[in-house]
Amino acid sequence: MKYREVILDFTSLLDIIMIILFFFILFSTFDVETATEKAQQKQQEYETLVSETEQEQSIWKEKADKQWKRLKDADSTSAENLRALIDFDEGNMLSMSLQDIERSDKWTLSITTDQKKVASVNAETGDKLRDDLKSVFSKYGLNSGSVVLCVLTYDGYSYGTEQAVPEIEKAVRDIQKQYSNLYFTTINISK
């Protein structure tokens with residue numbers, strides 16, 4: 001038997017393998033570049049979201065701090081408000097009543113508390129009435145943070161009340177700018 005020599009030529013096979021290898025190398029670099037661009041884009045989006053979240057957190061924290069402060073303030077004044085309501089219920093409140101109305105320009109404002117007369121203010125107008133009432137409040141021991149329930153009682157049929165009552169209300173409204181917890185109402189006993 002005669003052996004025949006077989007010659008295998010791998011040149012064409014190597015060419016094809018090299019072409020396939022180049023193809024994969026080229027397209028794998030395109031994929032890496034695309035993936036890198038996508039990763040950078042996602043990282044920028046992440047950083048933007050983080051900064052927006054931090055801004056929102058600071059806004060919410062500020063709102064929460066304000067709310068917490070308001071709740072603490074409300075809690076600290078609730079005892080004082082409750083004490084004022086109990087005093088009001090027991091009749092221990094600051095009470096004003098118009099008296100001695102003879103003419104429209106002559107009247108006396110009697111101020112009482114605990115059924116005891118604290119002071120009297122004669123017919124005054126504007127700043128003088130406001131200053132007199134402030135001095136009565138400070139004499140009574142009230143400061144700008146005190147809770148004060150105040151009632152003005154008057155007889156609407158009495159001569160001069162239509163001029164005196166608005167003057168007193170205006171003076172008390174001016175005082176309420178300083179005494180933020182001054183609660184004031186009027187009662188017309190003629191109705």
# chains A, B, ... in the order shown; residues from 1 in each chain; ligands from 1

$ residues_around --residues "Asp174 of chain A" --least-positions-apart "3" --cutoff "12 Å" --atoms "only C-alpha atoms" --output "MDAnalysis selection string"
chainID A and resid 126:131 133:134 167:171 177:180 182 184

$ closest_residue --among "A:Ser135, A:Ser97, A:Thr108, A:Gln57" --to "Ile189 of chain A" --atoms "only C-alpha atoms"
A:Ser97

$ residues_around --residues "Thr186 of chain A" --least-positions-apart "3" --cutoff "7 Å" --atoms "only C-alpha atoms" --output "VMD selection string"
chain A and resid 151 to 153

$ write_last_selection --atoms "N, CA and C atoms" --output "short mmCIF file (atom, residue, chain, number, x, y, z; two decimals), in the first residue's frame"
data_model
loop_
_atom_site.label_atom_id
_atom_site.label_comp_id
_atom_site.auth_asym_id
_atom_site.auth_seq_id
_atom_site.Cartn_x
_atom_site.Cartn_y
_atom_site.Cartn_z
N VAL A 151 -63.05 91.30 78.66
CA VAL A 151 -64.42 91.52 78.22
C VAL A 151 -64.82 92.96 78.54
N LEU A 152 -65.36 93.64 77.56
CA LEU A 152 -65.90 94.98 77.77
C LEU A 152 -67.42 94.86 77.76
N THR A 153 -68.05 95.20 78.88
CA THR A 153 -69.51 95.18 78.95
C THR A 153 -70.01 96.63 78.98
#

$ residues_around --residues "Val136 of chain A" --least-positions-apart "3" --cutoff "9 Å" --atoms "only C-alpha atoms" --output "list in words"
Ile111, Val118, Ala119, Ser120, Asp131, Asp132, Leu133, Lys139, Tyr140, Gly141 and Leu142 of chain A

$ write_last_selection --atoms "N, CA and C atoms" --output "PDB file, in the first residue's frame"
ATOM      1  N   ILE A 111     -62.128  98.963  85.401  1.00  0.00           N
ATOM      2  CA  ILE A 111     -61.438  97.710  85.090  1.00  0.00           C
ATOM      3  C   ILE A 111     -61.374  96.880  86.364  1.00  0.00           C
ATOM      4  N   VAL A 118     -59.584  97.140  89.794  1.00  0.00           N
ATOM      5  CA  VAL A 118     -58.151  97.325  89.617  1.00  0.00           C
ATOM      6  C   VAL A 118     -57.834  98.784  89.322  1.00  0.00           C
ATOM      7  N   ALA A 119     -58.632  99.392  88.437  1.00  0.00           N
ATOM      8  CA  ALA A 119     -58.357 100.773  88.029  1.00  0.00           C
ATOM      9  C   ALA A 119     -59.575 101.371  87.355  1.00  0.00           C
ATOM     10  N   SER A 120     -59.510 102.668  87.186  1.00  0.00           N
ATOM     11  CA  SER A 120     -60.516 103.400  86.422  1.00  0.00           C
ATOM     12  C   SER A 120     -59.793 104.292  85.435  1.00  0.00           C
ATOM     13  N   ASP A 131     -52.266 104.158  76.242  1.00  0.00           N
ATOM     14  CA  ASP A 131     -51.197 104.176  77.242  1.00  0.00           C
ATOM     15  C   ASP A 131     -51.746 103.921  78.638  1.00  0.00           C
ATOM     16  N   ASP A 132     -52.924 104.466  78.942  1.00  0.00           N
ATOM     17  CA  ASP A 132     -53.535 104.218  80.248  1.00  0.00           C
ATOM     18  C   ASP A 132     -53.878 102.738  80.418  1.00  0.00           C
ATOM     19  N   LEU A 133     -54.421 102.132  79.373  1.00  0.00           N
ATOM     20  CA  LEU A 133     -54.751 100.703  79.446  1.00  0.00           C
ATOM     21  C   LEU A 133     -53.488  99.851  79.571  1.00  0.00           C
ATOM     22  N   LYS A 139     -49.581  97.082  85.530  1.00  0.00           N
ATOM     23  CA  LYS A 139     -49.842  97.119  86.976  1.00  0.00           C
ATOM     24  C   LYS A 139     -50.484  95.808  87.428  1.00  0.00           C
ATOM     25  N   TYR A 140     -51.297  95.240  86.568  1.00  0.00           N
ATOM     26  CA  TYR A 140     -51.963  93.972  86.856  1.00  0.00           C
ATOM     27  C   TYR A 140     -50.978  92.805  86.780  1.00  0.00           C
ATOM     28  N   GLY A 141     -49.786  93.049  86.228  1.00  0.00           N
ATOM     29  CA  GLY A 141     -48.752  92.006  86.161  1.00  0.00           C
ATOM     30  C   GLY A 141     -48.712  91.276  84.840  1.00  0.00           C
ATOM     31  N   LEU A 142     -49.240  91.867  83.802  1.00  0.00           N
ATOM     32  CA  LEU A 142     -49.255  91.212  82.495  1.00  0.00           C
ATOM     33  C   LEU A 142     -48.073  91.691  81.672  1.00  0.00           C
TER      34      LEU A 142
END

$ atom_distance --atom1 "atom CA of Val172 of chain A" --atom2 "atom CA of Lys69 of chain A"
28.6 Å

$ atom_distance --atom1 "atom CA of Thr53 of chain A" --atom2 "atom CA of Arg70 of chain A"
25.2 Å

$ atom_distance --atom1 "atom CA of Gln43 of chain A" --atom2 "atom CA of Leu26 of chain A"
25.8 Å
